[in-house]
$ cat data_26.txt   # compact mmCIF, C-alpha atoms
# COMPACT_ATOMS: atom_id res chain seq x y z
CA MET A 1 87.24 81.11 56.50
CA PRO A 2 88.35 80.74 60.14
CA LYS A 3 90.32 77.64 60.92
CA LYS A 4 88.32 75.09 62.87
CA ILE A 5 89.96 74.21 66.18
CA LYS A 6 89.94 70.52 66.96
CA GLN A 7 88.40 69.81 70.36
CA ILE A 8 90.70 67.55 72.36
CA PRO A 9 88.61 65.02 74.28
CA PHE A 10 88.70 65.00 78.07
CA THR A 11 87.33 62.73 80.75
CA GLU A 12 83.89 63.77 81.99
CA TYR A 13 83.03 63.10 85.62
CA LYS A 14 79.28 62.92 86.17
CA ASP A 15 79.47 62.02 89.85
CA PRO A 16 80.99 64.19 92.61
CA VAL A 17 84.45 63.23 93.81
CA GLU A 18 86.20 63.69 97.14
CA LEU A 19 89.38 65.80 96.94
CA TYR A 20 92.09 66.91 99.33
CA VAL A 21 93.10 70.60 99.02
CA GLU A 22 96.89 70.51 98.81
CA LYS A 23 97.69 74.23 98.71
CA LEU A 24 96.44 77.74 97.96
CA ASN A 25 97.75 79.70 94.99
CA ASP A 26 98.46 83.45 95.02
CA LYS A 27 94.85 84.12 94.00
CA GLY A 28 93.53 82.27 97.03
CA GLN A 29 92.26 79.32 94.98
CA GLY A 30 92.62 75.85 96.39
CA ILE A 31 94.58 73.35 94.31
CA ALA A 32 93.77 69.64 94.29
CA HIS A 33 94.62 66.79 91.91
CA TYR A 34 92.41 64.10 90.46
CA GLU A 35 93.85 61.51 88.08
CA ASP A 36 95.75 63.56 85.46
CA TYR A 37 94.03 66.87 86.24
CA GLU A 38 94.78 69.87 88.44
CA ILE A 39 91.53 71.09 90.00
CA TYR A 40 90.99 74.74 91.01
CA LEU A 41 88.57 75.38 93.86
CA GLU A 42 87.05 78.58 95.31
CA GLY A 43 86.27 79.20 98.98
CA VAL A 44 88.40 76.36 100.36
CA ILE A 45 91.48 76.20 102.58
CA ASP A 46 94.56 74.04 102.23
CA GLY A 47 94.26 70.88 104.31
CA GLU A 48 90.50 70.53 103.83
CA THR A 49 88.72 67.57 102.27
CA VAL A 50 85.86 68.59 99.96
CA LEU A 51 83.17 67.05 97.77
CA VAL A 52 83.43 68.47 94.26
CA ASN A 53 81.83 68.39 90.83
CA ILE A 54 84.71 68.50 88.33
CA GLU A 55 83.87 70.72 85.36
CA ALA A 56 85.28 71.02 81.82
CA PRO A 57 88.90 72.20 81.38
CA PHE A 58 89.62 75.93 81.32
CA ALA A 59 90.94 75.63 77.75
CA ASN A 60 91.05 73.10 74.95
CA GLY A 61 93.48 70.34 75.93
CA SER A 62 94.30 71.87 79.33
CA LYS A 63 95.01 69.72 82.37
CA ARG A 64 93.60 72.50 84.56
CA ARG A 65 89.93 72.33 85.45
CA PRO A 66 87.58 74.22 87.79
CA GLY A 67 85.69 72.36 90.46
CA ASN A 68 82.36 73.28 92.02
CA VAL A 69 82.54 72.66 95.77
CA LEU A 70 79.38 70.95 97.04
CA GLU A 71 80.42 70.22 100.63
CA ILE A 72 83.37 70.68 102.95
CA ILE A 73 83.80 67.24 104.50
CA ASN A 74 86.74 68.00 106.83
CA LYS A 75 87.19 71.67 107.74
CA SER A 76 90.53 73.29 108.48
CA PRO A 77 91.02 74.36 112.12
CA ASP A 78 91.98 77.77 110.68
CA ARG A 79 88.57 78.30 109.04
CA VAL A 80 86.57 81.27 110.35
CA ASP A 81 83.18 82.41 109.07
CA TYR A 82 83.53 86.21 109.10
CA LYS A 83 80.43 88.36 109.36
CA ASP A 84 82.22 91.46 108.02
CA VAL A 85 81.45 91.29 104.28
CA SER A 86 83.96 94.07 103.60
CA LEU A 87 86.77 91.61 104.37
CA GLN A 88 85.87 89.70 101.19
CA SER A 89 87.72 92.35 99.21
CA VAL A 90 91.05 91.54 100.87
CA MET A 91 90.66 87.91 101.95
CA SER A 92 92.63 86.41 99.07
CA PHE A 93 93.51 83.50 101.38
CA GLY A 94 89.85 82.78 101.95
CA PRO A 95 88.00 82.64 105.30
CA ILE A 96 91.08 81.96 107.42
CA SER A 97 91.79 83.17 110.96
CA TYR A 98 94.28 86.01 111.29
CA GLU A 99 96.84 83.73 112.96
CA GLY A 100 96.26 81.26 110.14
CA THR A 101 97.12 83.90 107.53
CA LEU A 102 100.34 84.77 109.39
CA LYS A 103 101.35 81.11 109.46
CA ARG A 104 100.89 80.85 105.70
CA LYS A 105 102.77 84.09 105.03
CA GLN A 106 105.70 82.84 107.11
CA GLN A 107 105.69 79.65 105.05
CA MET A 108 105.63 81.74 101.85
CA ILE A 109 108.72 83.68 102.95
CA ALA A 110 110.57 80.49 103.90
CA HIS A 111 109.67 78.92 100.55
CA ALA A 112 110.90 81.99 98.64
CA LEU A 113 114.20 81.92 100.54
CA LYS A 114 114.61 78.25 99.71
CA LYS A 115 113.95 78.94 96.01
CA ALA A 116 116.60 81.66 96.17
CA GLY A 117 119.06 79.03 97.37
CA ILE A 118 119.31 80.54 100.86
CA GLU A 119 119.89 77.78 103.40
CA ASN A 120 120.99 79.48 106.61
CA TYR A 121 118.91 82.51 107.45
CA ASN A 122 117.62 84.18 110.57
CA LEU A 123 113.86 84.32 109.91
CA LYS A 124 112.06 86.29 112.60
CA PRO A 125 108.31 86.01 113.35
CA ILE A 126 106.12 88.28 111.26
CA GLU A 127 105.40 91.72 112.74
CA LYS A 128 101.64 91.61 113.24
CA ALA A 129 99.12 94.33 112.58
CA ASP A 130 97.21 95.58 115.63
CA LEU A 131 93.66 94.68 114.60
CA SER A 132 92.19 96.82 117.38
CA LYS A 133 93.23 99.82 115.26
CA PRO A 134 92.71 100.63 111.58
CA SER A 135 95.17 99.02 109.18
CA ARG A 136 94.00 100.76 106.02
CA TYR A 137 94.44 104.52 106.29
CA LYS A 138 93.95 104.85 102.55
CA SER A 139 91.03 103.29 100.73
CA ILE A 140 89.44 103.15 97.30
CA ARG A 141 85.66 102.80 97.30
CA TYR A 142 83.67 101.99 94.17
CA PHE A 143 80.06 102.79 93.34
CA ALA A 144 77.15 100.67 92.14
CA LYS A 145 73.39 101.02 91.84
CA GLN A 146 71.35 98.51 93.81
CA ASP A 147 67.59 98.67 94.46
CA ASN A 148 67.45 102.14 92.87
CA ARG A 149 69.99 103.53 95.32
CA ILE A 150 73.66 104.40 94.94
CA VAL A 151 75.85 102.21 97.16
CA ASN A 152 79.60 102.03 97.70
CA GLY A 153 81.98 99.24 98.53
CA PHE A 154 84.91 97.17 97.31
CA TYR A 155 85.54 94.92 94.35
CA LYS A 156 85.14 91.26 95.05
CA VAL A 157 88.49 89.48 94.79
CA HIS A 158 89.61 89.06 91.15
CA SER A 159 86.55 90.86 89.74
CA HIS A 160 84.96 94.28 89.26
CA GLU A 161 81.79 93.24 91.06
CA VAL A 162 81.10 95.75 93.84
CA ILE A 163 80.42 94.34 97.31
CA ALA A 164 78.33 97.01 99.06
CA VAL A 165 79.49 97.72 102.63
CA ASP A 166 78.12 99.90 105.42
CA ASN A 167 81.30 99.70 107.46
CA CYS A 168 84.78 98.22 107.17
CA SER A 169 86.52 97.11 110.37
CA LEU A 170 89.97 97.62 108.81
CA GLU A 171 89.45 101.34 108.16
CA PRO A 172 88.79 104.52 110.17
CA SER A 173 85.04 104.71 110.81
CA TRP A 174 84.67 108.07 109.07
CA PHE A 175 85.54 106.47 105.71
CA SER A 176 82.24 104.60 105.70
CA GLU A 177 80.24 107.45 107.20
CA PHE A 178 81.51 109.89 104.57
CA ALA A 179 81.04 107.42 101.68
CA ASN A 180 77.53 106.49 102.79
CA ASP A 181 76.53 110.18 103.09
CA LEU A 182 77.87 110.75 99.58
CA CYS A 183 75.75 107.88 98.28
CA GLU A 184 72.60 109.38 99.81
CA PHE A 185 73.47 112.71 98.19
CA PHE A 186 74.06 111.06 94.80
CA THR A 187 70.82 109.08 95.05
CA ASP A 188 68.84 112.25 95.78
CA GLU A 189 70.63 114.06 92.92
CA ILE A 190 69.86 111.12 90.56
CA ILE A 191 73.54 110.73 89.62
CA THR A 192 74.51 107.79 87.40
CA VAL A 193 77.25 105.21 88.04
CA TYR A 194 79.99 104.72 85.45
CA ASP A 195 79.69 101.50 83.43
CA GLU A 196 83.03 100.16 82.15
CA ASN A 197 81.36 98.37 79.23
CA THR A 198 79.23 101.22 77.87
CA GLN A 199 81.56 103.97 79.19
CA GLN A 200 78.47 105.84 80.34
CA GLY A 201 77.67 107.26 83.78
CA LEU A 202 79.38 109.76 86.09
CA LEU A 203 80.46 108.14 89.39
CA ARG A 204 83.71 106.17 89.19
CA SER A 205 85.38 105.89 92.59
CA LEU A 206 86.25 107.58 95.86
CA LEU A 207 89.74 107.83 97.34
CA LEU A 208 89.89 108.36 101.11
CA ARG A 209 93.00 109.13 103.16
CA ASP A 210 93.46 109.56 106.90
CA THR A 211 96.77 110.71 108.41
CA ILE A 212 95.39 110.26 111.95
CA LYS A 213 95.61 114.06 112.26
CA GLU A 214 93.73 115.08 109.11
CA LYS A 215 91.31 113.77 106.48
CA MET A 216 91.26 113.87 102.67
CA ALA A 217 88.68 112.75 100.11
CA VAL A 218 89.01 112.61 96.31
CA LEU A 219 85.84 111.99 94.29
CA VAL A 220 86.59 110.54 90.84
CA LEU A 221 84.09 111.29 88.05
CA SER A 222 84.09 110.37 84.37
CA LYS A 223 83.60 113.99 83.29
CA LYS A 224 83.54 117.43 84.84
CA PRO A 225 80.10 118.18 86.35
CA SER A 226 78.32 121.51 86.33
CA ASP A 227 79.45 124.34 88.59
CA ILE A 228 76.08 124.10 90.34
CA PHE A 229 76.74 120.45 91.24
CA ILE A 230 80.25 121.29 92.49
CA ASP A 231 78.86 124.09 94.66
CA ARG A 232 76.25 121.77 96.20
CA LEU A 233 78.93 119.14 96.82
CA LYS A 234 81.15 121.73 98.50
CA VAL A 235 78.38 123.08 100.76
CA LYS A 236 77.34 119.56 101.79
CA PHE A 237 80.78 118.04 102.52
CA LYS A 238 83.41 120.76 103.03
CA ASP A 239 83.18 120.57 106.83
CA LYS A 240 83.55 116.79 106.93
CA VAL A 241 87.14 116.59 105.63
CA ASP A 242 90.23 118.82 105.74
CA SER A 243 90.84 118.44 102.01
CA LEU A 244 88.19 117.74 99.35
CA TYR A 245 89.18 117.15 95.73
CA LEU A 246 87.42 116.31 92.49
CA ASN A 247 89.30 114.25 89.91
CA VAL A 248 88.05 114.05 86.32
CA ASN A 249 89.06 110.74 84.75
CA GLU A 250 87.70 110.29 81.21
CA ALA A 251 89.95 107.32 80.33
CA ASN A 252 88.45 103.89 79.89
CA SER A 253 91.12 102.14 81.98
CA ASN A 254 91.89 100.81 85.46
CA LYS A 255 93.88 103.93 86.33
CA ILE A 256 92.23 105.48 89.39
CA LEU A 257 93.34 109.11 89.11
CA SER A 258 93.87 111.31 86.05
CA ASP A 259 95.98 114.46 85.84
CA GLU A 260 92.91 116.71 86.12
CA MET A 261 92.64 117.37 89.86
CA ILE A 262 90.40 120.15 91.23
CA LEU A 263 90.58 121.30 94.86
CA ILE A 264 86.99 121.92 95.94
CA SER A 265 87.63 122.95 99.54
CA GLY A 266 90.23 122.91 102.30
CA LYS A 267 93.96 122.30 102.11
CA ALA A 268 95.98 121.20 99.10
CA GLU A 269 97.94 118.81 101.39
CA ILE A 270 97.43 117.17 104.75
CA SER A 271 100.11 116.22 107.32
CA LEU A 272 101.34 112.86 108.56
CA ASP A 273 103.58 112.24 111.58
CA LEU A 274 105.87 109.28 110.89
CA CYS A 275 109.14 108.26 112.55
CA GLY A 276 109.38 111.64 114.28
CA PHE A 277 108.98 113.72 111.11
CA ASP A 278 106.09 115.63 109.57
CA TYR A 279 105.27 114.67 105.96
CA LYS A 280 102.93 116.40 103.54
CA ALA A 281 100.47 114.21 101.66
CA GLY A 282 98.56 115.29 98.56
CA PRO A 283 96.09 113.31 96.44
CA TYR A 284 98.88 111.69 94.38
CA THR A 285 101.36 111.09 97.23
CA PHE A 286 102.40 107.48 97.80
CA LEU A 287 102.43 106.46 101.45
CA GLN A 288 102.07 103.00 102.91
CA VAL A 289 98.43 102.47 103.90
CA ASN A 290 99.21 100.94 107.32
CA TYR A 291 101.18 103.58 109.24
CA PRO A 292 101.74 101.62 112.51
CA VAL A 293 103.26 98.64 110.67
CA ALA A 294 105.10 100.88 108.19
CA GLN A 295 106.75 102.80 111.03
CA LYS A 296 108.02 99.58 112.62
CA MET A 297 109.32 98.41 109.25
CA TYR A 298 111.07 101.71 108.55
CA GLU A 299 112.60 101.79 112.04
CA LYS A 300 113.95 98.27 111.49
CA ALA A 301 115.62 99.25 108.22
CA VAL A 302 117.03 102.56 109.50
CA SER A 303 118.31 101.01 112.72
CA PHE A 304 120.20 98.30 110.81
CA CYS A 305 121.98 100.94 108.72
CA GLY A 306 123.66 102.18 111.90
CA GLU A 307 125.35 105.56 112.34
CA ASP A 308 128.48 107.08 110.83
CA LYS A 309 128.69 110.87 110.57
CA ASP A 310 131.67 110.57 108.19
CA LYS A 311 129.80 108.41 105.67
CA THR A 312 127.03 108.66 103.06
CA ALA A 313 123.90 106.50 102.91
CA LEU A 314 121.70 105.76 99.88
CA ASP A 315 117.91 105.60 99.93
CA LEU A 316 117.03 103.85 96.69
CA CYS A 317 113.40 104.20 95.53
CA CYS A 318 112.98 106.80 98.25
CA GLY A 319 109.45 107.95 97.46
CA VAL A 320 108.66 111.16 99.36
CA GLY A 321 111.56 110.64 101.76
CA THR A 322 109.86 108.60 104.47
CA MET A 323 113.14 106.83 105.25
CA THR A 324 115.54 109.46 103.88
CA LEU A 325 114.74 111.89 106.67
CA PRO A 326 115.20 109.37 109.54
CA LEU A 327 118.53 108.32 107.96
CA SER A 328 119.68 111.94 107.84
CA LYS A 329 120.22 112.02 111.60
CA ASN A 330 122.85 109.27 111.40
CA PHE A 331 125.01 110.11 108.38
CA LYS A 332 127.00 112.94 106.82
CA LYS A 333 124.81 112.86 103.71
CA ILE A 334 121.82 110.96 102.32
CA ILE A 335 121.20 110.52 98.60
CA GLY A 336 117.63 109.61 97.67
CA VAL A 337 116.76 108.20 94.24
CA GLU A 338 113.22 107.90 92.84
CA ILE A 339 111.85 107.52 89.31
CA VAL A 340 108.68 109.57 89.95
CA PRO A 341 109.41 113.33 89.62
CA GLU A 342 106.41 114.31 91.77
CA SER A 343 107.70 112.14 94.61
CA ILE A 344 111.15 113.74 94.44
CA ALA A 345 109.57 117.21 94.51
CA ALA A 346 107.62 116.14 97.60
CA ALA A 347 110.77 114.67 99.20
CA ILE A 348 112.64 117.95 98.70
CA GLU A 349 109.75 119.86 100.28
CA ASN A 350 109.56 117.40 103.18
CA ALA A 351 113.27 117.86 103.87
CA LYS A 352 112.90 121.65 103.87
CA HIS A 353 109.76 121.48 106.00
CA ASN A 354 111.62 119.38 108.60
CA HIS A 355 114.77 121.57 108.47
CA ILE A 356 116.96 118.78 107.04
CA ASP A 357 119.89 120.09 105.01
CA ASN A 358 122.10 117.03 104.37
CA THR A 359 119.94 115.32 101.73
CA GLU A 360 120.27 115.17 97.95
CA PHE A 361 117.50 113.84 95.73
CA ILE A 362 117.86 112.46 92.20
CA VAL A 363 115.07 111.76 89.71
CA GLY A 364 115.93 108.60 87.80
CA ASP A 365 115.54 104.89 87.27
CA ILE A 366 117.76 103.08 89.75
CA ARG A 367 118.93 100.73 86.99
CA GLU A 368 120.23 103.71 85.04
CA VAL A 369 121.82 105.77 87.85
CA ILE A 370 123.18 103.04 90.11
CA ASN A 371 126.49 102.67 88.22
CA SER A 372 127.39 106.31 88.80
CA LEU A 373 126.29 106.18 92.44
CA VAL A 374 128.45 103.21 93.38
CA LYS A 375 131.60 105.08 92.33
CA ALA A 376 131.42 107.06 95.55
CA LYS A 377 134.03 105.90 98.08
CA ASP A 378 132.21 106.85 101.30
CA ILE A 379 128.93 104.93 101.07
CA SER A 380 128.43 102.64 104.04
CA SER A 381 124.69 101.92 104.18
CA ILE A 382 121.80 101.49 101.77
CA ILE A 383 118.03 101.23 102.07
CA CYS A 384 116.25 99.85 99.02
CA ASP A 385 112.43 99.82 98.79
CA PRO A 386 111.51 99.27 95.12
CA SER A 387 108.25 98.39 93.42
CA ARG A 388 107.10 94.80 93.00
CA VAL A 389 109.57 94.14 90.17
CA GLY A 390 112.59 94.70 92.44
CA ILE A 391 115.83 96.26 91.20
CA GLY A 392 117.02 93.47 88.89
CA ASP A 393 120.30 91.67 88.19
CA ASP A 394 122.38 94.58 86.95
CA ALA A 395 121.55 96.82 89.91
CA CYS A 396 122.31 93.96 92.33
CA LYS A 397 125.70 93.48 90.68
CA ALA A 398 126.36 97.21 90.89
CA LEU A 399 125.65 97.26 94.65
CA SER A 400 128.15 94.47 95.13
CA ARG A 401 130.87 96.71 93.67
CA LEU A 402 130.63 99.13 96.60
CA ASN A 403 133.58 99.17 98.96
CA SER A 404 133.15 96.95 102.00
CA PRO A 405 131.88 97.06 104.63
CA ILE A 406 128.33 97.76 103.42
CA LYS A 407 124.98 97.34 105.13
CA LEU A 408 121.90 96.87 102.94
CA ALA A 409 118.29 96.90 104.14
CA TYR A 410 116.18 95.64 101.21
CA ILE A 411 112.38 95.85 101.54
CA PHE A 412 110.62 93.43 99.20
CA CYS A 413 106.92 93.82 98.40
CA SER A 414 107.05 90.78 96.11
CA LEU A 415 108.44 87.38 97.02
CA LYS A 416 109.19 86.68 93.35
CA ALA A 417 111.52 89.68 93.34
CA LEU A 418 113.03 88.39 96.59
CA GLU A 419 113.80 85.02 94.99
CA ARG A 420 115.63 86.65 92.08
CA ASP A 421 117.40 89.64 93.67
CA LEU A 422 118.42 87.88 96.87
CA LYS A 423 120.11 85.09 94.95
CA LYS A 424 122.03 87.63 92.87
CA LEU A 425 123.12 89.62 95.95
CA LYS A 426 124.21 86.43 97.75
CA ASP A 427 126.16 85.24 94.71
CA ASN A 428 127.96 88.60 94.65
CA GLY A 429 129.20 88.62 98.21
CA PHE A 430 126.32 89.74 100.43
CA VAL A 431 125.48 87.77 103.58
CA ILE A 432 121.94 87.64 104.98
CA ASP A 433 121.82 88.73 108.61
CA GLU A 434 118.08 88.68 109.22
CA VAL A 435 114.71 88.31 107.47
CA GLN A 436 111.35 89.48 108.80
CA GLY A 437 107.88 89.87 107.32
CA PHE A 438 105.67 92.85 108.13
CA ASP A 439 101.92 92.34 107.83
CA MET A 440 101.02 95.59 106.10
CA PHE A 441 97.83 94.15 104.59
CA PRO A 442 95.99 91.88 107.05
CA TYR A 443 94.01 88.94 105.62
CA SER A 444 95.50 89.38 102.13
CA SER A 445 98.19 87.14 100.65
CA HIS A 446 100.53 90.13 100.41
CA ILE A 447 103.52 90.43 102.74
CA GLU A 448 106.26 93.06 102.98
CA THR A 449 109.60 91.38 103.73
CA VAL A 450 112.64 93.16 105.12
CA VAL A 451 115.96 91.46 104.41
CA LEU A 452 119.03 92.78 106.22
CA LEU A 453 122.30 92.06 104.40
CA SER A 454 125.94 92.97 104.83
CA LYS A 455 129.14 92.66 102.84
$ encode --input "data_26.txt" --output "structure tokens"
Amino acid sequence: MPKKIKQIPFTEYKDPVELYVEKLNDKGQGIAHYEDYEIYLEGVIDGETVLVNIEAPFANGSKRRPGNVLEIINKSPDRVDYKDVSLQSVMSFGPISYEGTLKRKQQMIAHALKKAGIENYNLKPIEKADLSKPSRYKSIRYFAKQDNRIVNGFYKVHSHEVIAVDNCSLEPSWFSEFANDLCEFFTDEIITVYDENTQQGLLRSLLLRDTIKEKMAVLVLSKKPSDIFIDRLKVKFKDKVDSLYLNVNEANSNKILSDEMILISGKAEISLDLCGFDYKAGPYTFLQVNYPVAQKMYEKAVSFCGEDKDKTALDLCCGVGTMTLPLSKNFKKIIGVEIVPESIAAAIENAKHNHIDNTEFIVGDIREVINSLVKAKDISSIICDPSRVGIGDDACKALSRLNSPIKLAYIFCSLKALERDLKKLKDNGFVIDEVQGFDMFPYSSHIETVVLLSK
């Protein structure tokens, strides 16, 4: 017989209360306090005063409770009512002006530095995205059926509810044109949409990539369709992109792409010009989605590393070599390390394609290979661009064992990793020369942060 859980009593508030929104959390929810409770609010901005119905706690005995916002009494000067519904998928801060999001991101960086125990730092203004141009050159669209028609769009923040969009101002216009044409085709063909609960239906998602020079589309289905359907798809869309793939993903998971990739028409790879080099991009290739901001960020990191033709530089978590190749012009040798074998294979090909012969690439986890790397006596500069988890304590300690002087350009995509790794590097002899955020993802709460250190 299941054990009966005792319900801990809580104060019920029948009348609306007026609350002041103190801050936004990383999910974009407003946080306010009332008596002993922490109230979570949707669609509000820090600094606003709102009228709220306080609802029951999230869990038995919890001090955290949701609030239903009835009225915004005092609006924030940063509030903007956007007409572009596609922005809802990235506006984790809520309906805030672009300058308002930058202000909050700068505060987030400063707060993370303070938590890391960094007092004296040179924090530069955030490098903005140019909103007159696309800032998302890679996109994932999802499908839904609405009013007996197939539509495409983005997931609403923190949900799998599809917001149908006709156009997205952050993306190249052809993304929407192509996706909308596909939806008309699927509607006419009476194709079903995949349901995560029943695991039935065919259409899962659509990956779109633009390298400014060339276009790629990857249609993700839950099972392989008939050859007749593939032929019709090819005839209809082969002239609209340079590379058209079909991916068959039968797994009931959040993983976008499976290993079963079928080239329907066009090239296996498309080309991207970045930092003066030509990179090949396939359906699995990781590239930053915002090339203009990424190029400025890479140039910052490479420039800080300097030039010494008698020395070696490390590119840790090098991906497909997007910073390894620019570094190669300035040093005797560049060693790139990456845990993903496919990325290393692509990096080797990119080096050959660009006639670079002073690079060496290693497949491995940085935490496992760093101790052998730091034994080299001629390393003078390092670029480190890891995943959100950062490189961790042991790798930070290993970097500090390198012979001085050393320059380290560390690119953080998580401020939590910054708090941890930066403290460890500082405690082991590194000095922070400069910190700057790069707004890779406008309107979201995400910020890429470049920290330049030396020892």
$ residues_around --input "data_26.txt" --residues "stretch 337-346 of chain A" --least-positions-apart "6" --cutoff "9 Å" --atoms "all atoms listed in the file" --output "list in words"
Tyr279, Lys280, Ala281, Tyr284, Thr285, Phe286, Leu314, Asp315, Leu316, Cys317, Cys318, Gly319, Val320, Gly321, Glu360, Phe361, Ile362, Val363, Gly364, Asp365, Ile366 and Val369 of chain A
$ atom_distance --input "data_26.txt" --atom1 "atom CA of A:Ile379" --atom2 "atom CA of A:Ala313"
5.6 Å
$ atom_distance --input "data_26.txt" --atom1 "atom CA of A:Val193" --atom2 "atom CA of A:Ala179"
14.3 Å
$ atom_distance --input "data_26.txt" --atom1 "atom CA of A:Ile140" --atom2 "atom CA of A:Glu349"
26.5 Å
$ closest_residue --input "data_26.txt" --among "A:Gly94, A:Val85, A:Glu12, A:Phe186" --to "A:Ala56" --atoms "only C-alpha atoms"
A:Glu12
$ closest_residue --input "data_26.txt" --among "A:Ile39, A:Ala347, A:Val235, A:Ile72" --to "A:Lys23" --atoms "all atoms listed in the file"
A:Ile39
$ closest_atom_pairs --input "data_26.txt" --of "stretch 81-160 of chain A" --to "stretch 405-426 of chain A" --cutoff "12 Å" --atoms "only C-alpha atoms" --output "tab-separated table"
residue	atom	partner	partner_atom	distance
A:Lys105	CA	A:Leu415	CA	10.4
A:Gln106	CA	A:Leu415	CA	11.4
A:Gln107	CA	A:Leu415	CA	11.5
A:Met108	CA	A:Leu415	CA	7.9
A:Ile109	CA	A:Leu415	CA	7.0
A:Ala110	CA	A:Leu415	CA	10.0
A:His111	CA	A:Glu419	CA	9.2
A:Ala112	CA	A:Glu419	CA	5.6
A:Leu113	CA	A:Glu419	CA	6.4
A:Lys114	CA	A:Glu419	CA	8.3
A:Lys115	CA	A:Glu419	CA	6.2
A:Ala116	CA	A:Glu419	CA	4.5
A:Gly117	CA	A:Lys423	CA	6.6
A:Ile118	CA	A:Lys423	CA	7.5
A:Glu119	CA	A:Lys423	CA	11.2
A:Asn120	CA	A:Lys426	CA	11.7
A:Tyr121	CA	A:Lys426	CA	11.7
$ residues_around --input "data_26.txt" --residues "A:Gly100" --least-positions-apart "4" --cutoff "8 Å" --atoms "all atoms listed in the file" --output "count of residues only"
3
$ residues_near_point --input "data_26.txt" --point "(121.1, 89.1, 103.2)" --cutoff "6 Å" --atoms "only C-alpha atoms" --output "MDAnalysis selection string"
chainID A and resid 430:433 451:453
$ residues_around --input "data_26.txt" --residues "A:Ala217" --least-positions-apart "2" --cutoff "6 Å" --atoms "all atoms listed in the file" --output "PyMOL selection string"
chain A and resi 207-208+244
$ residues_around --input "data_26.txt" --residues "stretch 46-49 of chain A" --least-positions-apart "3" --cutoff "12 Å" --atoms "all atoms listed in the file" --output "ChimeraX atom specification"
/A:17-25,28-33,40-43,52,69-79,93-96,100-101,104
$ residues_around --input "data_26.txt" --residues "A:Leu399" --least-positions-apart "6" --cutoff "9 Å" --atoms "only C-alpha atoms" --output "list in words"
Ile370, Asn371, Val374, Leu425 and Asn428 of chain A
$ closest_residue --input "data_26.txt" --among "A:Asp195, A:Asp310, A:Asp239, A:Glu368" --to "A:Ser253" --atoms "all atoms listed in the file"
A:Asp195
$ closest_residue --input "data_26.txt" --among "A:Val293, A:Ile230, A:Ile262, A:Leu221" --to "A:Gln199" --atoms "all atoms listed in the file"
A:Leu221
$ closest_residue --input "data_26.txt" --among "A:Asn53, A:Ser243, A:Ser169, A:Ser454" --to "A:Gln88" --atoms "only C-alpha atoms"
A:Ser169
$ closest_residue --input "data_26.txt" --among "A:Pro16, A:Gly266, A:Pro442, A:Pro225" --to "A:Met91" --atoms "all atoms listed in the file"
A:Pro442
